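Q: This is the structure I want to talk about, given as structure tokens.
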Amino acid sequence: MTAVAEHTAEWLAAFTRQDAAAPWLQDLRDAAFQRFSELGFPTTHDEEWRFTNVARIARANFSPLAVPIGFRGVPDGVETIRPEDGALYLACLASYDRNPFVALNTAFIRDFVCLGVPKGAIIAEPIRLEFLSSGGSQPTVSHPRVLIVVGPDAHCTIVESYVGGGSYFTNAVTEIVVGDRAVVDHYKLQRESLDAFHVATLQAKVGRSASFSTHNISLGAALTRNDVGAVLAEGADATLNGLYIAGGSQHVDNHTVIDHAKPHGVSHELYKGIVDGQASAVFNGRIIVRKDAQKTDSKQTNKNLVLSGDAVINTKPELQILADDVRCTHGATIGQLDAEALFYIQSRGVGAREARSLLTYAFAQDVVDRIKVKTLRDSLERVLFETFHEHAEQ
Amino acid sequence: MPLLQITNLHATVADREILKGISLSVNPGEVHAIMGPNGSGKSTLAQVLAGRELYRVTAGEVLYDGKDLLALSPEDRAREGIFLAFQYPVEIPGVSNMYFLKAALNTIRKHRGLPEYDAMDFLELVREKMKLMEIDQALLNRPVNAGFSGGEKKRNEIFQMAVLEPRLAILDETDSGLDIDALRAVASGVNALRSPARSMIVVTHYQRLLNYIVPDFVHVLSQGRIVKSGGKELALELETSGYAGLGIEDAEAAEVAPGTASVSERPVGEVAPV
């Protein structure tokens, strides 16, 4: 416990230095910080953090960075909710009880993004949220917080992107309430600086017969930890897709939890990873099917492409099925570039390097193809193209 | 000067010697058939010529256009005009046929000092070759070989060959797995590509294909050596008397019914077209 106290002392100082917030928010902050002090930073003895060592975050001394939100405009029809009205939902989805990073984020909530999509509204333009961080000689920390409440029968698209320069720590939490029969497509493009830490929780509550998809693209940061969760009401449909690419000494960890709380839910999950150099990747996909969630249909796939002998992959499906009339499948693969396919491509005149990058690109293609926002898909394709050329050159 | 001059070629895979001294000379415009039972080394020869790293050349020499072929990478061999039509074309999900072929063609053109094709030029070329090969446009927009039928894969190989216009085409069991209609279509595509400037090596187990692609020379391979060479009539001789007539054991026939199979029971090809 001493170690934990040491590591939380700096945070306590920063916490007490904060300007006081409105009473309802201050109460939430206090409760969350209290919980953070109790939990401390996780260690690799904690099952949830077994393969992700956050000692580098725990030991660092960060200076606070004002939450660097850049709206690229809120589309017409989307409403800004007053924070006190958002209080109804805030911290109700992403629990700070178990996850110390969520607790820390909640303790430092200040200017959070709080948007609402009215009942029945069809919003064609994506809601774009850009978080730009920078760190100087002393690393900085920010705690981006997003709450989006989508009303019944509404349709919208949300694009979060995280970029930055220098050494910093992004500790983000996003909560999305998907109303009954609503359709929400969520995208997160993480291209943080290679000296950054990125820890993020996305928690969605998917209403009756609603449809929610999230596409989680992790390219940057020295250390990435994503916790993506969705709780499904009756007849809800959730898609959790992800693509992670790590080289050098990067570490990327995706923990997902799909909670089928009610019957007739459908979930699809496809996470693909490309790991090169001495990088390491973790995928932990938990599917919970509650006792009365009969007729659940769930499919989980995790595929990994390992480009070097030193890269490490840990993949683990976790199925907790308490109902008896369900269909749940899962599969995980770890593979290398196919030597025969490489030879085939080379035998047509394409160089070895290009052949490698073409095959690597092809591996990621089906996740990219599932991105419906064209501008995002195009920019991702460009980034991937450049990334794979770099990887191929190593 | 021969386009391809193979002298005493030895090759191994996993320390097992497959090619035990192959010598072969192919002049521009000639079509050579390499026949032989399964396990004789036919496909190994094709793959060694294309540069597959799986095989290690332990002795011998291959000169292509007077240059040391074995010193070149697979891609450089392709750029110099060698094309291997694969026995089992590889499926590459996620890469469109069109993209792949354009990348290949432009790399080869660049290597030859020719201007690269833009999208329009390429499309025009592809349309022309598509007609020649009777290949469907839909196939081209799909990922390379992914989900293709056996016939579609082989046709796609010959289509690629038509687009890349090699100087030396090596056809590795292009007839295997084809029904008679598909075989005819593939063979007519190959025949359309015969020219005085283009040599071909046609590797096949059965004589059937050679009814459609009539070779100038036939070589019979057994246990890693060429045991007999002749004109096209040698293929016909093999059709009537089988490999056993040459005193060669057919590993495939032996595998199907060990001890009992007589080679003459092996299905021979369709009746030759007039």
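Ligands are numbered from 1 in the order shown, chains are lettered A, B, ... in the order of the structure tokens, and residues start at 1 in each chain.
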Counting only C-alpha atoms, which residues of chain B come no farther than 10 Å from chain A, as an MDAnalysis selection string?
A: chainID B and resid 47 50:54 73:86 89:96 100:101 103:109 111 143 160:161 164
Q: Got a sec to tell me which of region 74-263 of chain A DSSP assigns to helix (DSSP H, G or I), as a short mmCIF file (atom, residue, chain, number, x, y, z; two decimals) with C-alpha atoms, in the first residue's frame?
A:
data_model
loop_
_atom_site.label_atom_id
_atom_site.label_comp_id
_atom_site.auth_asym_id
_atom_site.auth_seq_id
_atom_site.Cartn_x
_atom_site.Cartn_y
_atom_site.Cartn_z
CA PRO A 83 -23.58 20.06 -17.57
CA GLU A 84 -26.06 19.99 -14.70
CA ASP A 85 -28.56 18.27 -17.00
CA GLY A 86 -25.89 15.83 -18.07
CA PRO A 100 -8.70 3.59 -11.21
CA PHE A 101 -8.17 5.48 -14.47
CA VAL A 102 -11.89 6.15 -14.79
CA ALA A 103 -11.85 7.26 -11.14
CA LEU A 104 -8.96 9.60 -11.86
CA ASN A 105 -10.69 11.03 -14.92
CA THR A 106 -13.89 11.55 -12.96
CA ALA A 107 -12.02 13.26 -10.15
#
Q: Write out as a list in words which residues come within 8 Å of Glu234 (chain A) when counting only C-alpha atoms, dropping same-chain ones fewer than 4 positions away.
A: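 Close residues of Glu234 (chain A): Gly207, Arg208, Ser209, Ala261, Lys262, Pro263, His264, Gly265 and Ala293 of chain A.
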Q: Just to be explicit: take each residue in the selection above, keep N, CA and C atoms, and write the result as a compact mmCIF listing (two decimals), in the first residue's frame.
A:
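See part14.txt below for the written result:
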# COMPACT_ATOMS: atom_id res chain seq x y z
N GLY A 207 -29.89 0.87 -26.15
CA GLY A 207 -31.31 0.68 -25.83
C GLY A 207 -31.98 -0.43 -26.62
N ARG A 208 -33.25 -0.62 -26.35
CA ARG A 208 -34.03 -1.68 -27.01
C ARG A 208 -34.00 -1.51 -28.52
N SER A 209 -33.69 -2.59 -29.21
CA SER A 209 -33.67 -2.62 -30.68
C SER A 209 -32.80 -1.52 -31.28
N ALA A 261 -27.47 -8.15 -21.60
CA ALA A 261 -28.26 -8.16 -20.38
C ALA A 261 -29.66 -8.69 -20.62
N LYS A 262 -30.12 -8.57 -21.87
CA LYS A 262 -31.52 -8.91 -22.18
C LYS A 262 -31.57 -9.82 -23.42
N PRO A 263 -32.72 -10.46 -23.66
CA PRO A 263 -32.79 -11.42 -24.78
C PRO A 263 -32.66 -10.79 -26.15
N HIS A 264 -32.39 -11.66 -27.13
CA HIS A 264 -32.40 -11.31 -28.56
C HIS A 264 -31.35 -10.29 -28.96
N GLY A 265 -30.31 -10.16 -28.18
CA GLY A 265 -29.25 -9.24 -28.56
C GLY A 265 -28.31 -9.88 -29.57
N ALA A 293 -30.92 -13.44 -20.93
CA ALA A 293 -30.57 -12.97 -22.29
C ALA A 293 -30.63 -14.12 -23.29
Q: So which bits of region 46-230 of chain A end up strand (DSSP E) when you DSSP the backbone, as a ChimeraX atom specification?
A: /A:63-64,69-71,79-80,113-117,127-134,140-142,145-150,155-165,168-178,183-191,197-206,211-218,223-230
